[in-house]
>>> print(open('final_10.cif').read())   # mmCIF, C-alpha atoms (C1' of nucleotides)
data_target
loop_
_atom_site.label_atom_id
_atom_site.label_comp_id
_atom_site.auth_asym_id
_atom_site.auth_seq_id
_atom_site.Cartn_x
_atom_site.Cartn_y
_atom_site.Cartn_z
CA MET A 1130 -25.81 -19.47 -13.60
CA GLY A 1131 -23.52 -20.36 -16.50
CA LEU A 1132 -22.49 -23.62 -18.04
CA ILE A 1133 -19.07 -23.55 -16.44
CA ASP A 1134 -20.10 -22.78 -12.89
CA ASN A 1135 -19.64 -26.33 -11.70
CA ILE A 1136 -16.15 -26.58 -13.04
CA ASN A 1137 -13.77 -26.50 -10.12
CA LYS A 1138 -11.21 -23.73 -10.42
CA LEU A 1139 -8.67 -25.80 -8.54
CA PHE A 1140 -8.74 -28.36 -11.31
CA ASP A 1141 -8.26 -25.84 -14.09
CA HIS A 1142 -4.56 -26.53 -13.98
CA ARG A 1143 -2.99 -29.51 -15.78
CA ILE A 1144 -0.67 -30.44 -12.96
CA ARG A 1145 -3.36 -30.39 -10.29
CA LEU A 1146 -5.73 -32.27 -12.57
CA GLY A 1147 -2.97 -34.80 -13.12
CA ILE A 1148 -2.29 -35.26 -9.43
CA MET A 1149 -5.98 -35.81 -8.73
CA SER A 1150 -6.44 -38.23 -11.62
CA ILE A 1151 -3.52 -40.31 -10.45
CA LEU A 1152 -4.68 -40.36 -6.86
CA MET A 1153 -8.20 -41.35 -7.88
CA VAL A 1154 -6.93 -44.68 -9.16
CA ASN A 1155 -3.97 -45.35 -6.87
CA GLU A 1156 -4.37 -45.85 -3.16
CA TYR A 1157 -1.22 -43.82 -2.67
CA VAL A 1158 1.66 -42.46 -4.68
CA ASP A 1159 4.89 -40.99 -3.40
CA PHE A 1160 6.68 -37.82 -4.39
CA ASN A 1161 8.93 -39.39 -6.94
CA GLY A 1162 6.10 -41.46 -8.33
CA LEU A 1163 4.04 -38.37 -9.04
CA LYS A 1164 7.06 -36.54 -10.30
CA GLU A 1165 7.81 -39.20 -12.87
CA LEU A 1166 4.22 -39.81 -13.89
CA LEU A 1167 3.67 -36.13 -14.49
CA ASP A 1168 7.16 -35.13 -15.57
CA VAL A 1169 7.28 -31.97 -13.53
CA THR A 1170 9.94 -30.22 -11.48
CA ASP A 1171 10.25 -30.72 -7.74
CA GLY A 1172 9.18 -27.20 -6.88
CA ASN A 1173 6.22 -27.33 -9.16
CA LEU A 1174 4.97 -30.59 -7.74
CA ALA A 1175 5.49 -29.39 -4.19
CA SER A 1176 3.56 -26.18 -4.71
CA HIS A 1177 0.66 -27.62 -6.67
CA SER A 1178 0.23 -30.46 -4.25
CA LYS A 1179 0.28 -28.01 -1.38
CA THR A 1180 -2.56 -26.12 -3.04
CA LEU A 1181 -4.58 -29.32 -3.15
CA GLU A 1182 -3.66 -30.13 0.43
CA LYS A 1183 -4.86 -26.71 1.62
CA ALA A 1184 -8.22 -27.47 0.05
CA GLU A 1185 -8.13 -30.80 1.89
CA TYR A 1186 -8.46 -32.66 -1.38
CA ILE A 1187 -5.31 -34.67 -0.74
CA LYS A 1188 -3.30 -35.73 2.28
CA ILE A 1189 0.48 -35.58 2.45
CA GLU A 1190 2.23 -37.92 4.88
CA LYS A 1191 5.92 -38.08 5.59
CA SER A 1192 7.68 -41.15 6.87
CA PHE A 1193 10.89 -43.13 6.51
CA ILE A 1194 11.37 -46.20 4.41
CA GLY A 1195 14.46 -47.73 5.92
CA LYS A 1196 16.43 -44.56 6.47
CA LYS A 1197 15.19 -42.73 3.42
CA PRO A 1198 12.52 -40.07 3.79
CA ASN A 1199 9.38 -40.82 1.86
CA THR A 1200 6.33 -38.65 1.20
CA ARG A 1201 3.08 -40.33 0.45
CA TYR A 1202 0.14 -38.68 -1.24
CA THR A 1203 -3.44 -39.88 -0.90
CA ILE A 1204 -6.77 -38.47 -1.96
CA THR A 1205 -9.32 -37.55 0.73
CA PRO A 1206 -13.06 -38.35 0.58
CA LEU A 1207 -13.62 -34.62 0.07
CA GLY A 1208 -11.18 -34.63 -2.83
CA LYS A 1209 -12.75 -37.70 -4.38
CA ASN A 1210 -16.11 -36.05 -4.23
CA ALA A 1211 -14.92 -32.77 -5.65
CA PHE A 1212 -13.16 -34.56 -8.46
CA LYS A 1213 -16.22 -36.62 -9.35
CA LYS A 1214 -18.31 -33.47 -9.44
CA HIS A 1215 -15.75 -31.83 -11.65
CA ILE A 1216 -15.74 -34.72 -14.09
CA ASP A 1217 -19.53 -34.65 -14.19
CA ALA A 1218 -19.42 -30.95 -14.90
CA LEU A 1219 -16.88 -31.53 -17.65
CA GLU A 1220 -19.03 -34.22 -19.21
CA ASN A 1221 -22.11 -32.06 -19.06
CA LEU A 1222 -20.25 -29.22 -20.65
CA ILE A 1223 -18.75 -31.28 -23.43
CA LYS A 1224 -21.67 -33.55 -24.24
CA ARG A 1225 -24.56 -31.18 -24.50
CA MET B 1256 6.90 -37.63 -21.43
CA GLY B 1257 4.33 -37.22 -18.66
CA LEU B 1258 0.69 -38.13 -18.42
CA ILE B 1259 -0.43 -34.54 -18.85
CA ASP B 1260 1.65 -33.64 -21.87
CA ASN B 1261 -1.24 -33.93 -24.30
CA ILE B 1262 -3.45 -31.66 -22.29
CA ASN B 1263 -3.71 -28.38 -24.13
CA LYS B 1264 -2.66 -25.43 -21.99
CA LEU B 1265 -5.09 -23.18 -23.82
CA PHE B 1266 -7.96 -25.28 -22.55
CA ASP B 1267 -6.85 -25.22 -18.94
CA HIS B 1268 -9.10 -22.28 -18.34
CA ARG B 1269 -12.82 -22.72 -17.66
CA ILE B 1270 -13.94 -19.88 -19.85
CA ARG B 1271 -11.91 -20.98 -22.87
CA LEU B 1272 -12.98 -24.57 -22.32
CA GLY B 1273 -16.56 -23.35 -22.21
CA ILE B 1274 -16.26 -21.36 -25.41
CA MET B 1275 -14.81 -24.34 -27.23
CA SER B 1276 -17.40 -26.76 -25.88
CA ILE B 1277 -20.21 -24.52 -27.01
CA LEU B 1278 -18.72 -23.98 -30.44
CA MET B 1279 -18.18 -27.70 -30.91
CA VAL B 1280 -21.91 -28.29 -30.88
CA ASN B 1281 -23.25 -25.05 -32.36
CA GLU B 1282 -22.47 -23.99 -35.88
CA TYR B 1283 -22.10 -20.44 -34.61
CA VAL B 1284 -22.87 -18.43 -31.53
CA ASP B 1285 -22.79 -14.68 -31.16
CA PHE B 1286 -21.25 -12.52 -28.47
CA ASN B 1287 -24.33 -12.25 -26.34
CA GLY B 1288 -25.11 -15.90 -26.78
CA LEU B 1289 -21.75 -16.89 -25.39
CA LYS B 1290 -21.98 -14.27 -22.71
CA GLU B 1291 -25.27 -15.64 -21.45
CA LEU B 1292 -24.35 -19.28 -21.76
CA LEU B 1293 -21.16 -18.77 -19.82
CA ASP B 1294 -22.27 -15.96 -17.55
CA VAL B 1295 -19.11 -13.92 -17.91
CA THR B 1296 -18.37 -10.22 -18.24
CA ASP B 1297 -17.90 -8.55 -21.61
CA GLY B 1298 -14.22 -7.89 -21.13
CA ASN B 1299 -13.56 -11.40 -19.99
CA LEU B 1300 -15.31 -12.95 -22.94
CA ALA B 1301 -13.58 -10.60 -25.35
CA SER B 1302 -10.13 -11.38 -24.05
CA HIS B 1303 -10.50 -15.13 -23.73
CA SER B 1304 -12.01 -15.41 -27.17
CA LYS B 1305 -9.18 -13.34 -28.58
CA THR B 1306 -6.73 -15.80 -27.08
CA LEU B 1307 -8.49 -18.63 -28.90
CA GLU B 1308 -8.62 -16.60 -32.08
CA LYS B 1309 -4.88 -15.96 -31.96
CA ALA B 1310 -4.35 -19.71 -31.83
CA GLU B 1311 -6.70 -19.98 -34.82
CA TYR B 1312 -8.99 -22.25 -32.87
CA ILE B 1313 -11.99 -20.01 -33.44
CA LYS B 1314 -13.00 -17.39 -35.98
CA ILE B 1315 -14.61 -14.08 -35.06
CA GLU B 1316 -16.74 -12.38 -37.71
CA LYS B 1317 -18.41 -9.01 -37.40
CA SER B 1318 -21.47 -8.04 -39.37
CA PHE B 1319 -24.74 -6.18 -39.02
CA ILE B 1320 -28.09 -7.75 -38.43
CA GLY B 1321 -30.44 -5.03 -39.55
CA LYS B 1322 -28.63 -2.07 -38.09
CA LYS B 1323 -27.27 -3.81 -35.02
CA PRO B 1324 -23.69 -4.94 -34.92
CA ASN B 1325 -23.33 -8.65 -34.44
CA THR B 1326 -20.26 -10.74 -33.74
CA ARG B 1327 -20.35 -14.35 -34.69
CA TYR B 1328 -18.03 -17.00 -33.28
CA THR B 1329 -17.28 -20.26 -35.05
CA ILE B 1330 -14.82 -23.04 -34.41
CA THR B 1331 -12.14 -23.73 -37.02
CA PRO B 1332 -11.08 -27.19 -38.21
CA LEU B 1333 -7.83 -26.64 -36.34
CA GLY B 1334 -9.78 -25.83 -33.20
CA LYS B 1335 -12.03 -28.83 -33.59
CA ASN B 1336 -9.01 -31.04 -33.90
CA ALA B 1337 -7.20 -29.55 -30.96
CA PHE B 1338 -10.30 -29.86 -28.83
CA LYS B 1339 -10.82 -33.50 -29.75
CA LYS B 1340 -7.22 -34.24 -28.90
CA HIS B 1341 -7.65 -32.48 -25.60
CA ILE B 1342 -10.74 -34.48 -24.73
CA ASP B 1343 -8.94 -37.69 -25.63
CA ALA B 1344 -6.06 -36.67 -23.41
CA LEU B 1345 -8.48 -35.90 -20.60
CA GLU B 1346 -10.15 -39.26 -20.97
CA ASN B 1347 -6.86 -41.07 -21.01
CA LEU B 1348 -5.77 -39.23 -17.93
CA ILE B 1349 -8.94 -39.85 -16.00
CA LYS B 1350 -9.72 -43.40 -17.03
CA ARG B 1351 -6.44 -45.12 -16.59
"C1'" DT C 386 -33.17 13.62 -25.67
"C1'" DA C 387 -32.04 10.27 -22.55
"C1'" DA C 388 -31.28 5.54 -21.72
"C1'" DA C 389 -29.97 1.19 -23.21
"C1'" DG C 390 -27.80 -2.18 -26.29
"C1'" DT C 391 -23.58 -4.13 -28.88
"C1'" DA C 392 -19.00 -5.20 -28.60
"C1'" DC C 393 -15.42 -4.28 -27.37
"C1'" DT C 394 -10.49 -1.84 -25.37
"C1'" DT C 395 -7.91 -0.15 -21.73
"C1'" DT C 396 -6.20 -0.09 -17.25
"C1'" DG C 397 -4.05 -1.47 -13.28
"C1'" DA C 398 -3.99 -4.40 -9.56
"C1'" DA C 399 -3.95 -9.10 -7.90
"C1'" DA C 400 -3.10 -13.76 -8.35
"C1'" DT C 401 -0.78 -17.47 -10.45
"C1'" DT C 402 2.83 -19.91 -12.40
"C1'" DC C 403 7.51 -21.08 -13.35
"C1'" DA C 404 12.31 -22.58 -13.30
"C1'" DA C 405 16.26 -22.21 -10.82
"C1'" DA C 406 18.76 -22.07 -6.83
"C1'" DG C 407 19.13 -22.97 -2.07
"C1'" DT C 408 18.21 -26.08 2.02
"C1'" DT C 409 18.41 -30.04 5.26
"C1'" DA C 410 19.37 -34.46 6.27
"C1'" DT C 411 20.94 -39.04 5.26
"C1'" DA C 412 23.70 -42.31 2.67
"C1'" DA C 413 26.70 -44.33 -0.46
"C1'" DA C 414 30.90 -44.13 -3.09
"C1'" DA C 415 35.81 -43.08 -3.90
"C1'" DT D 882 36.87 -38.35 4.44
"C1'" DT D 883 35.55 -35.53 0.89
"C1'" DT D 884 32.41 -35.78 -2.65
"C1'" DT D 885 28.35 -37.09 -4.72
"C1'" DA D 886 23.67 -38.56 -4.62
"C1'" DT D 887 18.87 -38.99 -3.05
"C1'" DA D 888 14.66 -37.13 -1.05
"C1'" DA D 889 11.67 -33.48 -0.60
"C1'" DC D 890 11.05 -29.58 -0.33
"C1'" DT D 891 11.32 -23.79 0.29
"C1'" DT D 892 12.47 -19.51 -1.45
"C1'" DT D 893 12.94 -16.11 -4.80
"C1'" DG D 894 11.83 -13.10 -8.25
"C1'" DA D 895 10.38 -12.49 -12.70
"C1'" DA D 896 6.87 -13.31 -16.10
"C1'" DT D 897 2.43 -14.29 -17.28
"C1'" DT D 898 -2.39 -14.45 -16.56
"C1'" DT D 899 -6.58 -13.09 -14.95
"C1'" DC D 900 -10.05 -9.98 -13.36
"C1'" DA D 901 -13.51 -6.42 -12.80
"C1'" DA D 902 -14.41 -1.93 -13.74
"C1'" DA D 903 -14.37 1.94 -16.49
"C1'" DG D 904 -14.13 3.95 -20.88
"C1'" DT D 905 -15.34 4.05 -25.99
"C1'" DA D 906 -18.15 4.52 -30.11
"C1'" DC D 907 -21.99 3.91 -32.46
"C1'" DT D 908 -27.09 2.83 -32.69
"C1'" DT D 909 -31.61 2.44 -31.44
"C1'" DT D 910 -35.63 2.73 -28.78
"C1'" DA D 911 -38.68 5.16 -25.56
#
>>> encode(input="final_10.cif", output="structure tokens")
Amino acid sequence: MGLIDNINKLFDHRIRLGIMSILMVNEYVDFNGLKELLDVTDGNLASHSKTLEKAEYIKIEKSFIGKKPNTRYTITPLGKNAFKKHIDALENLIKR
Amino acid sequence: MGLIDNINKLFDHRIRLGIMSILMVNEYVDFNGLKELLDVTDGNLASHSKTLEKAEYIKIEKSFIGKKPNTRYTITPLGKNAFKKHIDALENLIKR
DNA sequence: TAAAGTACTTTGAAATTCAAAGTTATAAAA
DNA sequence: TTTTATAACTTTGAATTTCAAAGTACTTTA
């Protein structure tokens, strides 16, 4: 077993790490919120968030606010756990 | 400017992050040392370390110990700096 | 002399990532 | 009413990255 084994491959990418970090500290964030916070393109955000959704680390819910469509992103308990583990692994790696 | 802009793309990958972390706290480590610490294949270690070398984040020096070839990896001042910045960016991202 | 160690390089396939363009549906503006 | 804008994607196709496995070259140990 190597030092990096507990580092989650899904969080190797900046954008996915960013999404998770934001959702750890905000109860929910919508599409445009994430887009602005991260400064990424629509397609990029959509595909990276879908990757996290497939892993069941985040939940994506569509609704209407007034008559405008709105997509809300939240972190799942599974995602919270995985993220915490990842941060622990990072800390262990860095602060040996 | 987004929240993830100061995250170094070169450190997005586990293996490269691992190499840097190890070299931050060890004056030098050789090929087999890194290989065992990280539990990666030869080819993988060679190519990821070359990527870091190209960026001048690490230095790779070949010599002989007795009659055995030995490759020694050290971090450069540039690499140390980049890594510190990356860690700061990570902390800022995570602990907002 | 045969096997194992050191440190790669090469190869080729698979997976990932990206921006850009296209899509659907509603709404506001001119 | 035609155009423009907003929201949130999906699709596409090219480029880049990543990977394990095999090959290389030289040395040493059994």
>>> interface_residues(input="final_10.cif", of="chain A", to="chain B", cutoff="7 Å", atoms="all atoms listed in the file", output="PyMOL selection string")
chain A and resi 1130-1133+1136+1141-1143+1147+1150+1166-1168+1222-1223
>>> write_last_selection(input="final_10.cif", atoms="C-alpha atoms", output="tab-separated table (two decimals), keeping the file's coordinate frame")
chain	number	residue	atom	x	y	z
A	1130	MET	CA	-25.81	-19.47	-13.60
A	1131	GLY	CA	-23.52	-20.36	-16.50
A	1132	LEU	CA	-22.49	-23.62	-18.04
A	1133	ILE	CA	-19.07	-23.55	-16.44
A	1136	ILE	CA	-16.15	-26.58	-13.04
A	1141	ASP	CA	-8.26	-25.84	-14.09
A	1142	HIS	CA	-4.56	-26.53	-13.98
A	1143	ARG	CA	-2.99	-29.51	-15.78
A	1147	GLY	CA	-2.97	-34.80	-13.12
A	1150	SER	CA	-6.44	-38.23	-11.62
A	1166	LEU	CA	4.22	-39.81	-13.89
A	1167	LEU	CA	3.67	-36.13	-14.49
A	1168	ASP	CA	7.16	-35.13	-15.57
A	1222	LEU	CA	-20.25	-29.22	-20.65
A	1223	ILE	CA	-18.75	-31.28	-23.43
>>> resolve_selection(input="final_10.cif", expression="the PyMOL selection byres ((chain C) within 9 of (chain B))", output="ChimeraX atom specification")
/C:390-394
>>> interface_residues(input="final_10.cif", of="chain D", to="chain B", cutoff="9 Å", atoms="only C-alpha atoms (C1' of nucleotides)", output="list in words")
DT899, DC900, DA901, DT908 and DT909 of chain D
>>> atom_distance(input="final_10.cif", atom1="atom CA of Asn1155 of chain A", atom2="atom CA of Ala1211 of chain A")
16.7 Å
>>> calpha_fit_and_write(input="final_10.cif", fixed="chain B", moving="chain A", output="compact mmCIF listing (two decimals) with C-alpha atoms, in the frame of the given file")
# COMPACT_ATOMS: atom_id res chain seq x y z
CA MET A 1130 6.94 -37.63 -21.32
CA GLY A 1131 4.33 -37.24 -18.58
CA LEU A 1132 0.69 -38.12 -18.37
CA ILE A 1133 -0.42 -34.54 -18.81
CA ASP A 1134 1.67 -33.64 -21.83
CA ASN A 1135 -1.21 -33.93 -24.25
CA ILE A 1136 -3.42 -31.65 -22.27
CA ASN A 1137 -3.69 -28.38 -24.12
CA LYS A 1138 -2.65 -25.43 -22.00
CA LEU A 1139 -5.07 -23.19 -23.83
CA PHE A 1140 -7.94 -25.28 -22.55
CA ASP A 1141 -6.80 -25.21 -18.95
CA HIS A 1142 -9.09 -22.28 -18.35
CA ARG A 1143 -12.82 -22.72 -17.65
CA ILE A 1144 -13.93 -19.89 -19.87
CA ARG A 1145 -11.90 -21.00 -22.87
CA LEU A 1146 -12.98 -24.59 -22.33
CA GLY A 1147 -16.55 -23.35 -22.20
CA ILE A 1148 -16.26 -21.36 -25.41
CA MET A 1149 -14.80 -24.35 -27.23
CA SER A 1150 -17.39 -26.78 -25.89
CA ILE A 1151 -20.20 -24.52 -27.01
CA LEU A 1152 -18.73 -23.99 -30.44
CA MET A 1153 -18.18 -27.71 -30.92
CA VAL A 1154 -21.92 -28.30 -30.90
CA ASN A 1155 -23.25 -25.07 -32.38
CA GLU A 1156 -22.48 -23.99 -35.90
CA TYR A 1157 -22.13 -20.46 -34.62
CA VAL A 1158 -22.88 -18.43 -31.54
CA ASP A 1159 -22.82 -14.68 -31.15
CA PHE A 1160 -21.27 -12.53 -28.47
CA ASN A 1161 -24.34 -12.25 -26.34
CA GLY A 1162 -25.12 -15.91 -26.77
CA LEU A 1163 -21.75 -16.91 -25.39
CA LYS A 1164 -21.97 -14.29 -22.71
CA GLU A 1165 -25.25 -15.65 -21.43
CA LEU A 1166 -24.35 -19.30 -21.77
CA LEU A 1167 -21.16 -18.79 -19.82
CA ASP A 1168 -22.26 -15.98 -17.53
CA VAL A 1169 -19.11 -13.95 -17.91
CA THR A 1170 -18.34 -10.26 -18.23
CA ASP A 1171 -17.89 -8.58 -21.59
CA GLY A 1172 -14.20 -7.93 -21.11
CA ASN A 1173 -13.53 -11.44 -19.99
CA LEU A 1174 -15.30 -12.97 -22.94
CA ALA A 1175 -13.58 -10.63 -25.36
CA SER A 1176 -10.11 -11.40 -24.05
CA HIS A 1177 -10.49 -15.15 -23.74
CA SER A 1178 -12.02 -15.44 -27.16
CA LYS A 1179 -9.21 -13.36 -28.58
CA THR A 1180 -6.73 -15.82 -27.09
CA LEU A 1181 -8.50 -18.63 -28.90
CA GLU A 1182 -8.64 -16.61 -32.10
CA LYS A 1183 -4.88 -15.97 -31.99
CA ALA A 1184 -4.36 -19.72 -31.85
CA GLU A 1185 -6.71 -19.98 -34.84
CA TYR A 1186 -9.00 -22.26 -32.89
CA ILE A 1187 -11.99 -20.01 -33.47
CA LYS A 1188 -13.01 -17.40 -35.99
CA ILE A 1189 -14.62 -14.09 -35.07
CA GLU A 1190 -16.75 -12.37 -37.70
CA LYS A 1191 -18.43 -9.02 -37.40
CA SER A 1192 -21.49 -8.02 -39.35
CA PHE A 1193 -24.76 -6.14 -39.03
CA ILE A 1194 -28.14 -7.65 -38.40
CA GLY A 1195 -30.47 -4.93 -39.54
CA LYS A 1196 -28.58 -1.97 -38.14
CA LYS A 1197 -27.29 -3.70 -35.05
CA PRO A 1198 -23.70 -4.90 -34.94
CA ASN A 1199 -23.37 -8.61 -34.43
CA THR A 1200 -20.29 -10.73 -33.75
CA ARG A 1201 -20.38 -14.35 -34.68
CA TYR A 1202 -18.06 -16.98 -33.30
CA THR A 1203 -17.29 -20.25 -35.06
CA ILE A 1204 -14.83 -23.03 -34.43
CA THR A 1205 -12.13 -23.73 -37.04
CA PRO A 1206 -11.08 -27.21 -38.24
CA LEU A 1207 -7.82 -26.64 -36.36
CA GLY A 1208 -9.76 -25.83 -33.21
CA LYS A 1209 -12.02 -28.83 -33.60
CA ASN A 1210 -9.01 -31.04 -33.92
CA ALA A 1211 -7.20 -29.55 -30.97
CA PHE A 1212 -10.30 -29.86 -28.84
CA LYS A 1213 -10.83 -33.50 -29.77
CA LYS A 1214 -7.22 -34.24 -28.90
CA HIS A 1215 -7.65 -32.48 -25.61
CA ILE A 1216 -10.74 -34.48 -24.73
CA ASP A 1217 -8.92 -37.68 -25.62
CA ALA A 1218 -6.06 -36.65 -23.40
CA LEU A 1219 -8.48 -35.88 -20.60
CA GLU A 1220 -10.15 -39.25 -20.97
CA ASN A 1221 -6.85 -41.05 -21.00
CA LEU A 1222 -5.77 -39.21 -17.91
CA ILE A 1223 -8.96 -39.82 -15.99
CA LYS A 1224 -9.71 -43.38 -17.04
CA ARG A 1225 -6.43 -45.13 -16.57
>>> atom_distance(input="final_10.cif", atom1="atom CA of Ala1184 of chain A", atom2="atom C1' of DA398 of chain C")
25.3 Å
>>> resolve_selection(input="final_10.cif", expression="the PyMOL selection byres ((chain B and resi 1331) around 6)", output="ChimeraX atom specification")
/B:1312-1313,1330,1332-1334
>>> residues_around(input="final_10.cif", residues="DT898 of chain D", least_positions_apart="4", cutoff="10 Å", atoms="only C-alpha atoms (C1' of nucleotides)", output="list in words")
DA400, DT401 and DT402 of chain C
>>> residues_around(input="final_10.cif", residues="DT910 of chain D", least_positions_apart="3", cutoff="12 Å", atoms="all atoms listed in the file", output="PyMOL selection string")
chain C and resi 386-390
>>> residues_around(input="final_10.cif", residues="DT892 of chain D", least_positions_apart="5", cutoff="10 Å", atoms="all atoms listed in the file", output="ChimeraX atom specification")
/A:1172 /C:406-408
>>> axis_aligned_box(input="final_10.cif", around="segment 405-414 of chain C", padding_each_side="3 Å", output="AutoDock Vina command-line options")
--center_x 23.6 --center_y -33.2 --center_z -2.3 --size_x 20.6 --size_y 28.3 --size_z 23.1
>>> atom_distance(input="final_10.cif", atom1="atom CA of Asn1336 of chain B", atom2="atom CA of Leu1139 of chain A")
25.9 Å
>>> build_atoms(input="final_10.cif", residues="segment 1139-1155 of chain A", atoms="N, CA and C atoms", output="PDB file, in the coordinates of the input")
ATOM      1  N   LEU A1139      -9.908 -25.144  -8.967  1.00  0.00           N
ATOM      2  CA  LEU A1139      -8.670 -25.800  -8.540  1.00  0.00           C
ATOM      3  C   LEU A1139      -8.194 -26.850  -9.540  1.00  0.00           C
ATOM      4  N   PHE A1140      -9.118 -27.334 -10.345  1.00  0.00           N
ATOM      5  CA  PHE A1140      -8.740 -28.360 -11.310  1.00  0.00           C
ATOM      6  C   PHE A1140      -8.527 -27.790 -12.716  1.00  0.00           C
ATOM      7  N   ASP A1141      -8.513 -26.469 -12.799  1.00  0.00           N
ATOM      8  CA  ASP A1141      -8.260 -25.840 -14.090  1.00  0.00           C
ATOM      9  C   ASP A1141      -6.821 -26.087 -14.540  1.00  0.00           C
ATOM     10  N   HIS A1142      -5.962 -26.366 -13.597  1.00  0.00           N
ATOM     11  CA  HIS A1142      -4.560 -26.530 -13.980  1.00  0.00           C
ATOM     12  C   HIS A1142      -4.154 -27.983 -14.212  1.00  0.00           C
ATOM     13  N   ARG A1143      -3.490 -28.194 -15.360  1.00  0.00           N
ATOM     14  CA  ARG A1143      -2.990 -29.510 -15.780  1.00  0.00           C
ATOM     15  C   ARG A1143      -2.341 -30.329 -14.670  1.00  0.00           C
ATOM     16  N   ILE A1144      -1.430 -29.682 -13.946  1.00  0.00           N
ATOM     17  CA  ILE A1144      -0.670 -30.440 -12.960  1.00  0.00           C
ATOM     18  C   ILE A1144      -1.576 -30.904 -11.824  1.00  0.00           C
ATOM     19  N   ARG A1145      -2.447 -30.000 -11.371  1.00  0.00           N
ATOM     20  CA  ARG A1145      -3.360 -30.390 -10.290  1.00  0.00           C
ATOM     21  C   ARG A1145      -4.372 -31.427 -10.768  1.00  0.00           C
ATOM     22  N   LEU A1146      -4.820 -31.272 -11.994  1.00  0.00           N
ATOM     23  CA  LEU A1146      -5.730 -32.270 -12.570  1.00  0.00           C
ATOM     24  C   LEU A1146      -5.026 -33.618 -12.655  1.00  0.00           C
ATOM     25  N   GLY A1147      -3.772 -33.576 -13.023  1.00  0.00           N
ATOM     26  CA  GLY A1147      -2.970 -34.800 -13.120  1.00  0.00           C
ATOM     27  C   GLY A1147      -2.802 -35.476 -11.771  1.00  0.00           C
ATOM     28  N   ILE A1148      -2.465 -34.695 -10.772  1.00  0.00           N
ATOM     29  CA  ILE A1148      -2.290 -35.260  -9.430  1.00  0.00           C
ATOM     30  C   ILE A1148      -3.573 -35.949  -8.987  1.00  0.00           C
ATOM     31  N   MET A1149      -4.686 -35.257  -9.158  1.00  0.00           N
ATOM     32  CA  MET A1149      -5.980 -35.810  -8.730  1.00  0.00           C
ATOM     33  C   MET A1149      -6.319 -37.085  -9.494  1.00  0.00           C
ATOM     34  N   SER A1150      -6.116 -37.059 -10.791  1.00  0.00           N
ATOM     35  CA  SER A1150      -6.440 -38.230 -11.620  1.00  0.00           C
ATOM     36  C   SER A1150      -5.644 -39.443 -11.165  1.00  0.00           C
ATOM     37  N   ILE A1151      -4.382 -39.210 -10.884  1.00  0.00           N
ATOM     38  CA  ILE A1151      -3.520 -40.310 -10.450  1.00  0.00           C
ATOM     39  C   ILE A1151      -3.961 -40.845  -9.097  1.00  0.00           C
ATOM     40  N   LEU A1152      -4.298 -39.923  -8.207  1.00  0.00           N
ATOM     41  CA  LEU A1152      -4.680 -40.360  -6.860  1.00  0.00           C
ATOM     42  C   LEU A1152      -6.079 -40.971  -6.801  1.00  0.00           C
ATOM     43  N   MET A1153      -6.877 -40.709  -7.811  1.00  0.00           N
ATOM     44  CA  MET A1153      -8.200 -41.350  -7.880  1.00  0.00           C
ATOM     45  C   MET A1153      -8.069 -42.855  -8.084  1.00  0.00           C
ATOM     46  N   VAL A1154      -7.035 -43.253  -8.803  1.00  0.00           N
ATOM     47  CA  VAL A1154      -6.930 -44.680  -9.160  1.00  0.00           C
ATOM     48  C   VAL A1154      -5.773 -45.407  -8.475  1.00  0.00           C
ATOM     49  N   ASN A1155      -5.039 -44.693  -7.623  1.00  0.00           N
ATOM     50  CA  ASN A1155      -3.970 -45.350  -6.870  1.00  0.00           C
ATOM     51  C   ASN A1155      -4.156 -45.039  -5.398  1.00  0.00           C
TER      52      ASN A1155
END
